[in-house]
$ cat my_file-v7.txt   # compact mmCIF, C-alpha atoms
# COMPACT_ATOMS: atom_id res chain seq x y z
CA MET A 28 -30.11 -18.74 -49.17
CA LYS A 29 -26.36 -19.08 -49.64
CA LYS A 30 -24.51 -21.97 -48.04
CA ASP A 31 -21.77 -21.65 -45.47
CA TYR A 32 -18.90 -22.50 -47.82
CA ARG A 33 -15.62 -23.70 -46.38
CA ILE A 34 -12.20 -24.24 -47.89
CA GLU A 35 -9.59 -26.68 -46.63
CA ILE A 36 -6.07 -26.21 -47.91
CA CYS A 37 -3.64 -29.08 -48.37
CA ALA A 38 -0.58 -27.45 -46.79
CA ASN A 39 2.86 -28.88 -47.58
CA SER A 40 4.62 -26.86 -44.85
CA VAL A 41 4.07 -24.58 -41.88
CA GLU A 42 4.64 -21.63 -44.20
CA SER A 43 1.87 -22.85 -46.50
CA ALA A 44 -0.42 -23.36 -43.49
CA VAL A 45 0.11 -19.77 -42.35
CA LEU A 46 -0.47 -18.44 -45.87
CA ALA A 47 -3.65 -20.51 -46.12
CA GLN A 48 -4.85 -18.87 -42.92
CA THR A 49 -4.02 -15.45 -44.37
CA GLY A 50 -6.13 -16.26 -47.42
CA GLY A 51 -9.15 -17.21 -45.32
CA ALA A 52 -9.05 -21.01 -45.25
CA CYS A 53 -11.11 -22.47 -42.43
CA ARG A 54 -8.85 -25.50 -42.15
CA VAL A 55 -5.55 -26.92 -43.34
CA GLU A 56 -4.56 -30.53 -43.88
CA LEU A 57 -0.87 -30.60 -43.04
CA CYS A 58 1.05 -33.12 -45.16
CA ALA A 59 4.57 -34.18 -46.00
CA GLY A 60 5.36 -36.18 -49.14
CA ILE A 61 2.98 -34.32 -51.45
CA PRO A 62 4.30 -36.03 -54.63
CA GLU A 63 3.26 -39.35 -53.03
CA GLY A 64 -0.23 -38.08 -52.24
CA GLY A 65 0.63 -36.95 -48.72
CA THR A 66 2.32 -38.64 -45.74
CA THR A 67 2.43 -37.86 -42.03
CA PRO A 68 4.39 -34.68 -41.25
CA SER A 69 7.08 -34.57 -38.58
CA PHE A 70 6.68 -33.82 -34.88
CA GLY A 71 8.36 -30.45 -35.37
CA GLU A 72 6.15 -29.53 -38.33
CA ILE A 73 2.95 -30.30 -36.41
CA LEU A 74 4.12 -28.56 -33.23
CA THR A 75 5.14 -25.41 -35.08
CA ALA A 76 1.95 -25.33 -37.14
CA ARG A 77 -0.12 -25.64 -33.97
CA SER A 78 1.75 -22.72 -32.41
CA VAL A 79 1.13 -20.32 -35.32
CA LEU A 80 -2.40 -21.20 -36.47
CA ARG A 81 -5.04 -19.19 -34.63
CA GLN A 82 -8.21 -18.82 -36.73
CA THR A 83 -7.61 -21.87 -38.92
CA LYS A 84 -8.21 -25.46 -37.80
CA LEU A 85 -5.28 -27.87 -38.04
CA HIS A 86 -5.84 -31.37 -39.41
CA VAL A 87 -2.97 -33.80 -40.00
CA ILE A 88 -2.79 -36.68 -42.45
CA ILE A 89 -1.97 -40.04 -40.88
CA ARG A 90 -0.32 -42.04 -43.66
CA PRO A 91 2.98 -43.83 -43.03
CA ARG A 92 3.92 -44.21 -46.70
CA GLY A 93 2.83 -43.56 -50.25
CA GLY A 94 1.26 -46.21 -52.44
CA ASP A 95 -1.86 -48.22 -51.67
CA PHE A 96 -4.04 -48.17 -48.56
CA LEU A 97 -3.66 -51.79 -47.49
CA TYR A 98 -1.66 -51.54 -44.27
CA SER A 99 0.29 -54.17 -42.34
CA ASN A 100 -0.02 -54.55 -38.57
CA THR A 101 3.31 -52.75 -38.19
CA GLU A 102 2.08 -49.83 -40.30
CA LEU A 103 -1.13 -49.65 -38.26
CA GLU A 104 0.95 -49.45 -35.08
CA ILE A 105 2.85 -46.54 -36.59
CA MET A 106 -0.43 -44.80 -37.46
CA LEU A 107 -1.77 -45.33 -33.92
CA HIS A 108 1.37 -43.77 -32.44
CA ASP A 109 1.17 -40.86 -34.90
CA ILE A 110 -2.45 -40.19 -33.93
CA GLU A 111 -1.55 -40.24 -30.25
CA GLN A 112 1.28 -37.80 -30.86
CA ALA A 113 -0.92 -35.52 -32.96
CA LYS A 114 -3.52 -35.44 -30.17
CA GLU A 115 -0.87 -34.53 -27.62
CA LEU A 116 0.24 -31.66 -29.86
CA GLY A 117 -3.30 -30.27 -29.94
CA VAL A 118 -4.43 -30.85 -33.53
CA ASP A 119 -8.12 -30.41 -34.32
CA GLY A 120 -8.47 -33.42 -36.60
CA VAL A 121 -6.84 -36.32 -38.38
CA VAL A 122 -7.14 -37.66 -41.91
CA PHE A 123 -6.72 -41.33 -42.81
CA GLY A 124 -8.24 -44.29 -44.67
CA CYS A 125 -7.69 -48.04 -44.83
CA LEU A 126 -8.80 -50.56 -47.44
CA THR A 127 -8.85 -54.33 -47.63
CA ALA A 128 -7.10 -56.23 -50.40
CA ASP A 129 -10.47 -56.51 -52.15
CA GLY A 130 -11.00 -52.74 -52.21
CA ASP A 131 -13.53 -52.44 -49.37
CA ILE A 132 -13.22 -50.28 -46.26
CA ASP A 133 -11.07 -52.13 -43.71
CA MET A 134 -13.50 -51.84 -40.82
CA LYS A 135 -11.25 -53.51 -38.22
CA ALA A 136 -8.29 -51.27 -39.00
CA MET A 137 -10.50 -48.18 -39.17
CA GLU A 138 -12.15 -48.97 -35.83
CA ARG A 139 -8.72 -49.11 -34.16
CA LEU A 140 -7.72 -45.78 -35.65
CA MET A 141 -11.10 -44.20 -34.87
CA LYS A 142 -10.90 -45.28 -31.23
CA LYS A 143 -7.46 -43.72 -30.89
CA SER A 144 -8.76 -40.53 -32.59
CA ASP A 145 -11.64 -40.06 -30.15
CA GLY A 146 -12.27 -36.36 -29.54
CA LEU A 147 -10.84 -35.28 -32.91
CA SER A 148 -12.56 -34.51 -36.19
CA MET A 149 -11.97 -37.41 -38.57
CA THR A 150 -11.80 -37.28 -42.37
CA PHE A 151 -11.65 -40.38 -44.59
CA HIS A 152 -9.24 -39.39 -47.36
CA ARG A 153 -9.00 -40.26 -51.04
CA ALA A 154 -8.56 -43.95 -50.38
CA PHE A 155 -12.29 -43.67 -51.06
CA ASP A 156 -11.47 -42.97 -54.70
CA VAL A 157 -9.94 -46.40 -55.20
CA CYS A 158 -12.52 -48.42 -53.29
CA ARG A 159 -14.52 -51.15 -55.06
CA ASN A 160 -18.10 -50.07 -54.33
CA TYR A 161 -18.76 -46.42 -53.54
CA ARG A 162 -22.22 -47.02 -52.05
CA LYS A 163 -21.00 -49.66 -49.63
CA ALA A 164 -17.91 -47.60 -48.80
CA LEU A 165 -20.03 -44.52 -48.12
CA ASN A 166 -22.30 -46.38 -45.72
CA ASP A 167 -19.38 -48.11 -44.00
CA ILE A 168 -17.59 -44.80 -43.43
CA ILE A 169 -20.77 -43.23 -42.08
CA SER A 170 -21.24 -46.14 -39.68
CA LEU A 171 -17.70 -45.61 -38.37
CA GLY A 172 -18.51 -42.02 -37.40
CA CYS A 173 -16.20 -40.04 -39.69
CA GLN A 174 -17.16 -36.39 -40.18
CA ARG A 175 -16.29 -36.12 -43.88
CA ILE A 176 -15.00 -37.87 -46.97
CA LEU A 177 -12.39 -36.25 -49.22
CA THR A 178 -12.97 -37.43 -52.77
CA SER A 179 -12.50 -36.54 -56.43
CA GLY A 180 -15.55 -38.61 -57.32
CA GLN A 181 -13.31 -41.55 -58.24
CA GLN A 182 -11.93 -39.62 -61.21
CA PRO A 183 -8.53 -37.99 -61.92
CA ASN A 184 -9.90 -34.64 -60.71
CA ALA A 185 -13.04 -33.19 -59.14
CA VAL A 186 -14.33 -31.63 -62.36
CA GLU A 187 -14.38 -35.02 -64.08
CA GLY A 188 -15.86 -36.49 -60.92
CA ILE A 189 -18.84 -34.09 -60.76
CA PRO A 190 -21.49 -36.74 -61.63
CA LEU A 191 -20.49 -39.05 -58.78
CA LEU A 192 -19.80 -36.17 -56.39
CA LYS A 193 -23.35 -34.95 -56.93
CA LYS A 194 -24.70 -38.43 -56.28
CA LEU A 195 -22.58 -38.79 -53.14
CA VAL A 196 -23.81 -35.48 -51.73
CA GLU A 197 -27.38 -36.62 -52.31
CA LEU A 198 -26.79 -40.06 -50.78
CA ALA A 199 -24.95 -38.63 -47.80
CA GLY A 200 -27.60 -36.06 -46.91
CA GLU A 201 -26.90 -34.75 -43.41
CA ARG A 202 -25.09 -37.92 -42.34
CA ILE A 203 -21.59 -36.96 -43.50
CA ILE A 204 -19.84 -34.15 -45.39
CA ILE A 205 -18.71 -34.90 -48.93
CA MET A 206 -15.68 -32.69 -49.62
CA PRO A 207 -14.58 -32.52 -53.29
CA GLY A 208 -10.83 -32.32 -53.82
CA CYS A 209 -8.13 -32.67 -56.50
CA GLY A 210 -7.65 -30.14 -59.29
CA ILE A 211 -9.87 -27.49 -57.70
CA ASN A 212 -8.94 -23.85 -58.29
CA PRO A 213 -10.59 -20.40 -58.32
CA LEU A 214 -11.70 -20.88 -61.93
CA ASN A 215 -13.65 -24.11 -61.43
CA ILE A 216 -14.71 -24.13 -57.77
CA ARG A 217 -17.96 -22.32 -58.47
CA LYS A 218 -18.92 -24.82 -61.16
CA ILE A 219 -18.16 -27.72 -58.83
CA ALA A 220 -20.22 -26.14 -56.05
CA GLU A 221 -23.20 -25.51 -58.30
CA LYS A 222 -23.14 -28.93 -59.98
CA THR A 223 -22.56 -31.05 -56.86
CA GLY A 224 -24.26 -29.20 -54.01
CA ALA A 225 -21.14 -29.56 -51.85
CA ASN A 226 -20.16 -26.82 -49.42
CA GLU A 227 -16.65 -27.87 -48.36
CA PHE A 228 -13.75 -27.96 -50.81
CA HIS A 229 -10.15 -29.14 -50.64
CA PHE A 230 -7.26 -27.88 -52.76
CA SER A 231 -3.64 -26.77 -52.50
CA GLY A 232 -3.71 -23.28 -54.01
CA ARG A 233 0.04 -23.29 -54.46
CA SER A 234 2.27 -21.10 -56.60
CA THR A 235 5.85 -21.88 -57.58
CA ARG A 236 8.74 -19.67 -56.57
CA GLU A 237 12.43 -19.75 -57.24
CA SER A 238 14.94 -20.93 -54.63
CA ARG A 239 17.15 -18.30 -52.99
CA MET A 240 20.23 -20.40 -53.80
CA ARG A 241 22.77 -18.52 -55.91
CA PHE A 242 25.06 -21.53 -56.54
CA ARG A 243 23.29 -24.42 -58.27
CA ASN A 244 24.43 -27.83 -59.51
CA PRO A 245 22.02 -28.94 -62.24
CA ASN A 246 23.70 -32.36 -62.57
CA VAL A 247 22.49 -33.74 -59.24
CA SER A 248 18.92 -34.54 -58.18
CA MET A 249 18.01 -35.59 -54.64
CA GLY A 250 15.29 -37.81 -56.10
CA GLY A 251 17.80 -40.02 -57.92
CA THR A 252 16.08 -41.32 -61.04
CA VAL A 253 12.99 -39.20 -60.26
CA ARG A 254 13.90 -35.73 -61.46
CA ILE A 255 12.59 -32.99 -59.18
CA ASP A 256 13.67 -29.37 -59.54
CA GLU A 257 15.16 -28.62 -56.12
CA TYR A 258 15.49 -24.97 -57.06
CA ARG A 259 11.75 -24.35 -57.28
CA GLN A 260 9.39 -24.46 -54.31
CA ASP A 261 5.61 -24.77 -54.25
CA VAL A 262 3.97 -22.72 -51.50
CA THR A 263 0.32 -21.93 -50.81
CA ASP A 264 -0.70 -18.62 -52.37
CA PRO A 265 -3.12 -16.69 -50.13
CA TYR A 266 -4.46 -14.81 -53.14
CA LEU A 267 -5.58 -18.07 -54.75
CA VAL A 268 -7.32 -19.08 -51.52
CA GLU A 269 -9.03 -15.70 -51.30
CA ALA A 270 -10.00 -15.84 -54.98
CA ALA A 271 -11.61 -19.25 -54.54
CA LEU A 272 -13.61 -18.04 -51.55
CA GLN A 273 -14.71 -14.99 -53.48
CA ALA A 274 -15.83 -17.17 -56.39
CA LEU A 275 -18.03 -19.12 -53.99
CA LEU A 276 -19.44 -16.12 -52.20
CA THR A 277 -20.43 -14.34 -55.41
CA ARG A 278 -22.16 -17.46 -56.73
CA THR A 279 -25.68 -16.87 -57.98
CA PRO A 280 -28.46 -18.26 -55.74

$ encode --input "my_file-v7.txt" --output "structure tokens"
Amino acid sequence: MKKDYRIEICANSVESAVLAQTGGACRVELCAGIPEGGTTPSFGEILTARSVLRQTKLHVIIRPRGGDFLYSNTELEIMLHDIEQAKELGVDGVVFGCLTADGDIDMKAMERLMKKSDGLSMTFHRAFDVCRNYRKALNDIISLGCQRILTSGQQPNAVEGIPLLKKLVELAGERIIIMPGCGINPLNIRKIAEKTGANEFHFSGRSTRESRMRFRNPNVSMGGTVRIDEYRQDVTDPYLVEAALQALLTRTP
């Protein structure tokens, strides 16, 4: 019997969220700051996404900055306010993760965020991939009541992480969803599904397109010393989303 496969798209804009819906994604994780691994999107971005998404669930990352996942009390206050705002805007879920300085799950911080997120679906994000002990982290996250863990199997991408992803799916059983993410595309998603036993998958599915600007100044970069091509934009490609779903649905039993 075939599984009920689901795809979550990491959407870097409202436009990407809508295109993910067009491609058949069951859910989007709306993020700003993609080069930093994702940060909390703006009020306007969340509000607009909520107004245009109909069939597709809207989850929002709660992450006040890039970098590590050891948060100060001030940063936790920011995250609590962002969760409250996201709830008021009608999101379906939130995505966050906190670690201690020793690489364990920060249970106290997580409990505060979980309490504020009551009534929403909660995903522990790839902070899991830099935790010290995956078995302890898995059990701690389950005890908190999160619905899923987004992970690359503690490797640079989900293909390299297949051995641990498989083990995590087995250890989790029916207690929590293990959702592979990072580097997934229509060409490898079937392999990852077959090798790990997972049924939810997270990827961006973006294609690059040229800016509509006719005048361009190649001597100036808005990133300062970090060179980013401002005249190319990455946007979710609905055909890549559809192709990934098709690859899963045509998988051999």

$ closest_residue --input "my_file-v7.txt" --among "A:Ile216, A:Val247, A:Leu103, A:Ala136" --to "Ala274 of chain A" --atoms "only C-alpha atoms"
A:Ile216

$ closest_atom_pairs --input "my_file-v7.txt" --of "segment 102-126 of chain A" --to "segment 65-71 of chain A" --cutoff "10 Å" --atoms "all atoms listed in the file" --output "JSON lines"
{"residue": "A:Met106", "atom": "CA", "partner": "A:Thr67", "partner_atom": "CA", "distance": 8.8}
{"residue": "A:Asp109", "atom": "CA", "partner": "A:Thr67", "partner_atom": "CA", "distance": 7.8}
{"residue": "A:Ile110", "atom": "CA", "partner": "A:Thr67", "partner_atom": "CA", "distance": 9.7}
{"residue": "A:Gln112", "atom": "CA", "partner": "A:Phe70", "partner_atom": "CA", "distance": 7.8}
{"residue": "A:Ala113", "atom": "CA", "partner": "A:Phe70", "partner_atom": "CA", "distance": 8.0}
{"residue": "A:Leu116", "atom": "CA", "partner": "A:Phe70", "partner_atom": "CA", "distance": 8.4}
{"residue": "A:Val122", "atom": "CA", "partner": "A:Thr67", "partner_atom": "CA", "distance": 9.6}
{"residue": "A:Phe123", "atom": "CA", "partner": "A:Thr67", "partner_atom": "CA", "distance": 9.8}

$ closest_residue --input "my_file-v7.txt" --among "A:Met240, A:Leu140, A:Ala128, A:Val186" --to "Lys218 of chain A" --atoms "all atoms listed in the file"
A:Val186

$ atom_distance --input "my_file-v7.txt" --atom1 "atom CA of His108 of chain A" --atom2 "atom CA of Phe96 of chain A"
17.6 Å

$ residues_around --input "my_file-v7.txt" --residues "Ser148 of chain A" --least-positions-apart "6" --cutoff "10 Å" --atoms "all atoms listed in the file" --output "number ranges by chain"
A: 86, 118-122, 141, 172-175

$ closest_residue --input "my_file-v7.txt" --among "A:Ile189, A:Met149, A:Ala47, A:Ala76" --to "Ile89 of chain A" --atoms "only C-alpha atoms"
A:Met149

$ residues_near_point --input "my_file-v7.txt" --point "(1.0, -30.2, -52.1)" --cutoff "6 Å" --atoms "only C-alpha atoms" --output "list in words"
Asn39, Ile61 and Ser231 of chain A

$ residues_around --input "my_file-v7.txt" --residues "segment 191-193 of chain A" --least-positions-apart "4" --cutoff "10 Å" --atoms "only C-alpha atoms" --output "list in words"
Tyr161, Thr178, Ser179, Gly180, Gln181, Gln182, Ala185, Val186, Glu187, Glu197, Leu198, Ala199, Ile205, Met206, Pro207, Ile219, Ala220, Glu221, Lys222, Thr223, Gly224 and Ala225 of chain A

$ residues_around --input "my_file-v7.txt" --residues "Glu111 of chain A" --least-positions-apart "3" --cutoff "8 Å" --atoms "all atoms listed in the file" --output "ChimeraX atom specification"
/A:107-108,114-115,143-144

$ closest_residue --input "my_file-v7.txt" --among "A:Asn246, A:Ser99, A:Asn166, A:Thr235" --to "Thr263 of chain A" --atoms "only C-alpha atoms"
A:Thr235

$ decode --input "my_file-v7.txt" --residues "segment 204-218 of chain A" --atoms "N, CA and C atoms" --output "mmCIF file, in the first residue's frame"
data_model
loop_
_atom_site.group_PDB
_atom_site.id
_atom_site.type_symbol
_atom_site.label_atom_id
_atom_site.label_comp_id
_atom_site.auth_asym_id
_atom_site.auth_seq_id
_atom_site.Cartn_x
_atom_site.Cartn_y
_atom_site.Cartn_z
ATOM 1 N N ILE A 204 6.761 12.831 13.436
ATOM 2 C CA ILE A 204 7.106 12.739 12.020
ATOM 3 C C ILE A 204 8.555 13.176 11.824
ATOM 4 N N ILE A 205 9.314 12.356 11.135
ATOM 5 C CA ILE A 205 10.673 12.738 10.722
ATOM 6 C C ILE A 205 10.582 13.209 9.278
ATOM 7 N N MET A 206 10.905 14.479 9.045
ATOM 8 C CA MET A 206 10.763 15.084 7.719
ATOM 9 C C MET A 206 12.149 15.413 7.153
ATOM 10 N N PRO A 207 12.661 14.604 6.233
ATOM 11 C CA PRO A 207 13.949 14.910 5.599
ATOM 12 C C PRO A 207 13.900 16.238 4.839
ATOM 13 N N GLY A 208 14.994 16.976 4.913
ATOM 14 C CA GLY A 208 15.102 18.228 4.178
ATOM 15 C C GLY A 208 16.554 18.562 3.901
ATOM 16 N N CYS A 209 16.784 19.427 2.945
ATOM 17 C CA CYS A 209 18.096 19.933 2.507
ATOM 18 C C CYS A 209 18.606 19.127 1.313
ATOM 19 N N GLY A 210 18.652 19.793 0.171
ATOM 20 C CA GLY A 210 19.190 19.171 -1.038
ATOM 21 C C GLY A 210 18.246 18.207 -1.726
ATOM 22 N N ILE A 211 16.986 18.196 -1.329
ATOM 23 C CA ILE A 211 16.021 17.279 -1.956
ATOM 24 C C ILE A 211 15.507 17.898 -3.257
ATOM 25 N N ASN A 212 15.346 17.071 -4.268
ATOM 26 C CA ASN A 212 14.827 17.521 -5.560
ATOM 27 C C ASN A 212 14.088 16.359 -6.234
ATOM 28 N N PRO A 213 13.452 16.600 -7.390
ATOM 29 C CA PRO A 213 12.700 15.536 -8.048
ATOM 30 C C PRO A 213 13.530 14.319 -8.440
ATOM 31 N N LEU A 214 14.844 14.488 -8.573
ATOM 32 C CA LEU A 214 15.687 13.383 -9.002
ATOM 33 C C LEU A 214 16.099 12.458 -7.857
ATOM 34 N N ASN A 215 16.073 12.967 -6.623
ATOM 35 C CA ASN A 215 16.517 12.112 -5.515
ATOM 36 C C ASN A 215 15.451 11.833 -4.458
ATOM 37 N N ILE A 216 14.284 12.453 -4.583
ATOM 38 C CA ILE A 216 13.278 12.310 -3.531
ATOM 39 C C ILE A 216 12.763 10.873 -3.419
ATOM 40 N N ARG A 217 12.664 10.196 -4.541
ATOM 41 C CA ARG A 217 12.197 8.810 -4.510
ATOM 42 C C ARG A 217 13.194 7.915 -3.782
ATOM 43 N N LYS A 218 14.470 8.119 -4.047
ATOM 44 C CA LYS A 218 15.509 7.345 -3.370
ATOM 45 C C LYS A 218 15.450 7.579 -1.866
#
